[in-house]
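Structure file final.cif with mmCIF, C-alpha atoms:
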```
data_coords
loop_
_atom_site.group_PDB
_atom_site.id
_atom_site.type_symbol
_atom_site.label_atom_id
_atom_site.label_comp_id
_atom_site.auth_asym_id
_atom_site.auth_seq_id
_atom_site.Cartn_x
_atom_site.Cartn_y
_atom_site.Cartn_z
ATOM 1 C CA ARG A 1 -25.424 -183.976 -10.421
ATOM 2 C CA LEU A 2 -26.606 -185.403 -13.733
ATOM 3 C CA PRO A 3 -28.536 -188.720 -13.662
ATOM 4 C CA TRP A 4 -26.057 -190.463 -15.967
ATOM 5 C CA ILE A 5 -25.311 -194.075 -16.935
ATOM 6 C CA MET A 6 -22.388 -195.495 -18.876
ATOM 7 C CA PRO A 7 -23.324 -195.549 -22.589
ATOM 8 C CA VAL A 8 -21.701 -198.953 -23.164
ATOM 9 C CA SER A 9 -20.256 -201.753 -21.040
ATOM 10 C CA GLY A 10 -16.689 -202.832 -21.594
ATOM 11 C CA ARG A 11 -13.206 -203.240 -20.215
ATOM 12 C CA LEU A 12 -11.603 -199.962 -19.109
ATOM 13 C CA VAL A 13 -8.643 -199.346 -21.441
ATOM 14 C CA SER A 14 -7.643 -195.930 -20.122
ATOM 15 C CA GLY A 15 -9.016 -193.784 -17.360
ATOM 16 C CA TYR A 16 -9.772 -190.111 -16.989
ATOM 17 C CA GLY A 17 -6.720 -187.885 -16.569
ATOM 18 C CA GLU A 18 -4.163 -190.502 -17.671
ATOM 19 C CA LYS A 19 -1.090 -189.426 -19.628
ATOM 20 C CA SER A 20 -1.324 -189.843 -23.390
ATOM 21 C CA ALA A 21 0.723 -188.784 -26.422
ATOM 22 C CA VAL A 22 -1.154 -185.466 -26.548
ATOM 23 C CA GLY A 23 -1.423 -184.735 -22.813
ATOM 24 C CA LEU A 24 -3.852 -185.869 -20.143
ATOM 25 C CA THR A 25 -6.972 -187.720 -21.273
ATOM 26 C CA THR A 26 -10.285 -185.878 -20.924
ATOM 27 C CA GLY A 27 -12.409 -189.014 -21.034
ATOM 28 C CA ILE A 28 -12.226 -192.764 -20.662
ATOM 29 C CA ALA A 29 -11.627 -195.474 -23.255
ATOM 30 C CA LEU A 30 -13.662 -198.680 -23.128
ATOM 31 C CA ALA A 31 -13.300 -201.945 -25.054
ATOM 32 C CA PRO A 32 -16.839 -203.310 -25.470
ATOM 33 C CA ALA A 33 -17.885 -206.448 -27.317
ATOM 34 C CA ALA A 34 -17.954 -206.083 -31.097
ATOM 35 C CA GLY A 35 -21.331 -204.736 -32.184
ATOM 36 C CA ALA A 36 -22.364 -203.800 -28.623
ATOM 37 C CA GLN A 37 -25.252 -201.355 -28.395
ATOM 38 C CA VAL A 38 -24.331 -197.822 -27.295
ATOM 39 C CA VAL A 39 -27.046 -195.785 -25.547
ATOM 40 C CA SER A 40 -27.635 -192.219 -24.479
ATOM 41 C CA PRO A 41 -26.346 -191.914 -20.906
ATOM 42 C CA ALA A 42 -28.987 -189.324 -19.979
ATOM 43 C CA ASP A 43 -31.979 -187.520 -21.459
ATOM 44 C CA GLY A 44 -31.037 -184.892 -24.015
ATOM 45 C CA ARG A 45 -30.792 -183.816 -27.626
ATOM 46 C CA VAL A 46 -28.380 -185.097 -30.267
ATOM 47 C CA ALA A 47 -26.170 -182.113 -31.149
ATOM 48 C CA TYR A 48 -23.906 -183.965 -33.616
ATOM 49 C CA ALA A 49 -23.879 -187.391 -35.238
ATOM 50 C CA GLY A 50 -21.366 -188.221 -37.935
ATOM 51 C CA PRO A 51 -17.714 -188.554 -38.818
ATOM 52 C CA TYR A 52 -15.172 -186.343 -37.094
ATOM 53 C CA ARG A 53 -11.559 -186.250 -38.224
ATOM 54 C CA GLY A 54 -9.359 -188.385 -36.000
ATOM 55 C CA TYR A 55 -12.265 -189.730 -33.944
ATOM 56 C CA GLY A 56 -14.205 -191.893 -36.409
ATOM 57 C CA SER A 57 -17.986 -191.723 -36.150
ATOM 58 C CA ILE A 58 -19.112 -189.759 -33.107
ATOM 59 C CA VAL A 59 -22.315 -188.761 -31.341
ATOM 60 C CA ILE A 60 -22.605 -185.729 -29.074
ATOM 61 C CA VAL A 61 -25.629 -185.502 -26.780
ATOM 62 C CA GLU A 62 -26.464 -182.256 -24.979
ATOM 63 C CA HIS A 63 -28.155 -182.670 -21.594
ATOM 64 C CA ALA A 64 -29.864 -180.196 -19.260
ATOM 65 C CA GLY A 65 -27.731 -178.026 -16.984
ATOM 66 C CA GLY A 66 -24.858 -177.508 -19.434
ATOM 67 C CA TRP A 67 -23.828 -181.183 -19.563
ATOM 68 C CA THR A 68 -22.581 -182.829 -22.786
ATOM 69 C CA THR A 69 -21.607 -186.438 -23.549
ATOM 70 C CA LEU A 70 -19.401 -187.367 -26.488
ATOM 71 C CA VAL A 71 -18.899 -190.957 -27.692
ATOM 72 C CA THR A 72 -16.251 -191.569 -30.368
ATOM 73 C CA ASN A 73 -15.198 -194.381 -32.695
ATOM 74 C CA LEU A 74 -18.671 -195.848 -33.177
ATOM 75 C CA GLY A 75 -19.058 -198.606 -35.748
ATOM 76 C CA ARG A 76 -22.558 -197.389 -36.653
ATOM 77 C CA ILE A 77 -24.586 -194.335 -35.678
ATOM 78 C CA ALA A 78 -28.273 -194.776 -34.800
ATOM 79 C CA ALA A 79 -29.121 -191.157 -33.952
ATOM 80 C CA THR A 80 -29.805 -188.008 -35.959
ATOM 81 C CA VAL A 81 -28.996 -184.385 -35.211
ATOM 82 C CA GLY A 82 -31.836 -182.698 -33.354
ATOM 83 C CA GLU A 83 -33.336 -185.977 -32.142
ATOM 84 C CA LYS A 84 -34.539 -185.974 -28.543
ATOM 85 C CA VAL A 85 -33.265 -189.014 -26.655
ATOM 86 C CA VAL A 86 -34.063 -190.466 -23.259
ATOM 87 C CA GLN A 87 -31.619 -192.255 -21.036
ATOM 88 C CA GLY A 88 -31.009 -195.695 -22.555
ATOM 89 C CA SER A 89 -32.066 -194.771 -26.118
ATOM 90 C CA PRO A 90 -29.822 -196.421 -28.732
ATOM 91 C CA ILE A 91 -27.411 -193.948 -30.336
ATOM 92 C CA GLY A 92 -25.173 -196.446 -32.138
ATOM 93 C CA THR A 93 -23.138 -199.624 -31.955
ATOM 94 C CA ALA A 94 -19.519 -200.530 -31.434
ATOM 95 C CA GLY A 95 -17.613 -201.588 -34.513
ATOM 96 C CA PRO A 96 -16.461 -205.084 -35.485
ATOM 97 C CA GLY A 97 -13.297 -206.775 -34.274
ATOM 98 C CA ARG A 98 -11.827 -205.236 -31.124
ATOM 99 C CA PRO A 99 -13.458 -201.812 -30.853
ATOM 100 C CA VAL A 100 -12.309 -199.134 -28.418
ATOM 101 C CA LEU A 101 -14.750 -196.295 -27.758
ATOM 102 C CA THR A 102 -13.979 -193.056 -25.982
ATOM 103 C CA VAL A 103 -16.539 -191.478 -23.665
ATOM 104 C CA GLU A 104 -16.195 -187.845 -22.601
ATOM 105 C CA LEU A 105 -18.455 -185.948 -20.224
ATOM 106 C CA ARG A 106 -18.349 -182.162 -19.964
ATOM 107 C CA ARG A 107 -20.129 -179.564 -17.859
ATOM 108 C CA LEU A 108 -20.166 -176.054 -19.287
ATOM 109 C CA GLY A 109 -17.358 -177.141 -21.621
ATOM 110 C CA GLU A 110 -15.071 -178.414 -18.855
ATOM 111 C CA PRO A 111 -14.134 -182.130 -18.750
ATOM 112 C CA VAL A 112 -15.618 -184.172 -15.885
ATOM 113 C CA ASN A 113 -14.603 -187.714 -14.915
ATOM 114 C CA PRO A 114 -17.488 -189.865 -16.209
ATOM 115 C CA LEU A 115 -16.737 -192.600 -13.662
ATOM 116 C CA GLY A 116 -17.626 -190.134 -10.902
ATOM 117 C CA GLN A 117 -21.101 -189.584 -12.410
ATOM 118 C CA VAL A 118 -22.289 -193.157 -12.812
ATOM 119 C CA ARG A 119 -25.209 -194.108 -10.611
ATOM 120 C CA GLY A 120 -26.148 -197.569 -9.470
ATOM 121 C CA GLY A 121 -22.834 -199.290 -8.843
ATOM 122 C CA SER A 122 -20.055 -200.393 -11.150
ATOM 123 C CA PRO A 123 -20.050 -198.645 -14.520
ATOM 124 C CA LEU A 124 -18.234 -201.400 -16.392
#
```
Let me see whether you can do it: turn the structure in this file into structure tokens.
Amino acid sequence: RLPWIMPVSGRLVSGYGEKSAVGLTTGIALAPAAGAQVVSPADGRVAYAGPYRGYGSIVIVEHAGGWTTLVTNLGRIAATVGEKVVQGSPIGTAGPGRPVLTVELRRLGEPVNPLGQVRGGSPL
């Protein structure tokens, strides 16, 4: 089990495995406060930080044991590729207005419900 925290606090918009226009969701969608800080959910290395077609600005953090976290639709990125991050390190912020960020957690490339990984009580 990965020592993992939610990268941002917010209202749960859609849960893991819910039906969507393109099939079942492989992550969760959260509606944080505008400009909310987004942090690395666990120690790791930034594998990607930048725009990604259809997902806005994203950050992908690789963790030990084959785990990967992806956060999409960031308003601003505060991480660079190759940077080592510790749990809680800022990786970006939510955008203005009414942002909705997607958080995906994978182990060896397979989606994992991030809500099942959160330690220390309620993730939201």
- Query: Hey, what comes out of the PyMOL selection byres ((chain A and resi 63) around 12) on this file? Could you write it as a ChimeraX atom specification?
  - Reply: /A:1-4,40-47,60-62,64-70,84-87,105-108
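Between CA of Arg53 (chain A) and CA of Leu74 (chain A) the separation is 13.0 Å.
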- Message: Please expand the PyMOL selection byres ((chain A and resi 57) around 12) into the concrete residues it hits in this file, giving the result as number ranges by chain.
- Response: A: 48-56, 58-60, 70-79, 91-95, 101-102
Selection file, C-alpha atoms, as a PDB file, in the frame of the given file:
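Okay, this is what ended up in out.pdb:
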```pdb
ATOM      1  CA  TYR A  48     -23.906-183.965 -33.616  1.00  0.00           C
ATOM      2  CA  ALA A  49     -23.879-187.391 -35.238  1.00  0.00           C
ATOM      3  CA  GLY A  50     -21.366-188.221 -37.935  1.00  0.00           C
ATOM      4  CA  PRO A  51     -17.714-188.554 -38.818  1.00  0.00           C
ATOM      5  CA  TYR A  52     -15.172-186.343 -37.094  1.00  0.00           C
ATOM      6  CA  ARG A  53     -11.559-186.250 -38.224  1.00  0.00           C
ATOM      7  CA  GLY A  54      -9.359-188.385 -36.000  1.00  0.00           C
ATOM      8  CA  TYR A  55     -12.265-189.730 -33.944  1.00  0.00           C
ATOM      9  CA  GLY A  56     -14.205-191.893 -36.409  1.00  0.00           C
ATOM     10  CA  ILE A  58     -19.112-189.759 -33.107  1.00  0.00           C
ATOM     11  CA  VAL A  59     -22.315-188.761 -31.341  1.00  0.00           C
ATOM     12  CA  ILE A  60     -22.605-185.729 -29.074  1.00  0.00           C
ATOM     13  CA  LEU A  70     -19.401-187.367 -26.488  1.00  0.00           C
ATOM     14  CA  VAL A  71     -18.899-190.957 -27.692  1.00  0.00           C
ATOM     15  CA  THR A  72     -16.251-191.569 -30.368  1.00  0.00           C
ATOM     16  CA  ASN A  73     -15.198-194.381 -32.695  1.00  0.00           C
ATOM     17  CA  LEU A  74     -18.671-195.848 -33.177  1.00  0.00           C
ATOM     18  CA  GLY A  75     -19.058-198.606 -35.748  1.00  0.00           C
ATOM     19  CA  ARG A  76     -22.558-197.389 -36.653  1.00  0.00           C
ATOM     20  CA  ILE A  77     -24.586-194.335 -35.678  1.00  0.00           C
ATOM     21  CA  ALA A  78     -28.273-194.776 -34.800  1.00  0.00           C
ATOM     22  CA  ALA A  79     -29.121-191.157 -33.952  1.00  0.00           C
ATOM     23  CA  ILE A  91     -27.411-193.948 -30.336  1.00  0.00           C
ATOM     24  CA  GLY A  92     -25.173-196.446 -32.138  1.00  0.00           C
ATOM     25  CA  THR A  93     -23.138-199.624 -31.955  1.00  0.00           C
ATOM     26  CA  ALA A  94     -19.519-200.530 -31.434  1.00  0.00           C
ATOM     27  CA  GLY A  95     -17.613-201.588 -34.513  1.00  0.00           C
ATOM     28  CA  LEU A 101     -14.750-196.295 -27.758  1.00  0.00           C
ATOM     29  CA  THR A 102     -13.979-193.056 -25.982  1.00  0.00           C
TER      30      THR A 102
END
```
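The spacing separating CA of Gln117 (chain A) from CA of Met6 (chain A) amounts to 8.9 Å.
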If the box runs along x, y and z of the file and leaves 3 Å on each side of region 61-79 of chain A, what are its centre and edge lengths in Å, one decimal, as AutoDock Vina command-line options?
```
--center_x -22.5 --center_y -188.1 --center_z -26.8 --size_x 20.7 --size_y 27.1 --size_z 25.7
```
- Query: Looking at all atoms listed in the file, which of A:Pro32, A:Gly10, A:Gly97, A:Gly27 is the one that sits closest to Pro114 (chain A)?
  - Reply: A:Gly27
- Task: Report the distance between CA of Gly15 (chain A) and CA of Ile28 (chain A) in Å, rounded to one decimal place.
- Result: 4.7 Å
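Among A:Gly116, A:Pro90, A:Pro99, A:Gly109, the residue with the shortest atom-to-atom distance to Val39 (chain A), counting all atoms listed in the file, is A:Pro90.
Excluding Ala31 (chain A) itself and any same-chain residue fewer than 2 positions from it, the protein and nucleic acid residues within 8 Å of it, counting only C-alpha atoms, are Gly10, Arg11, Leu12, Val13, Ala29, Ala33, Arg98, Pro99, Val100 and Leu101 of chain A.
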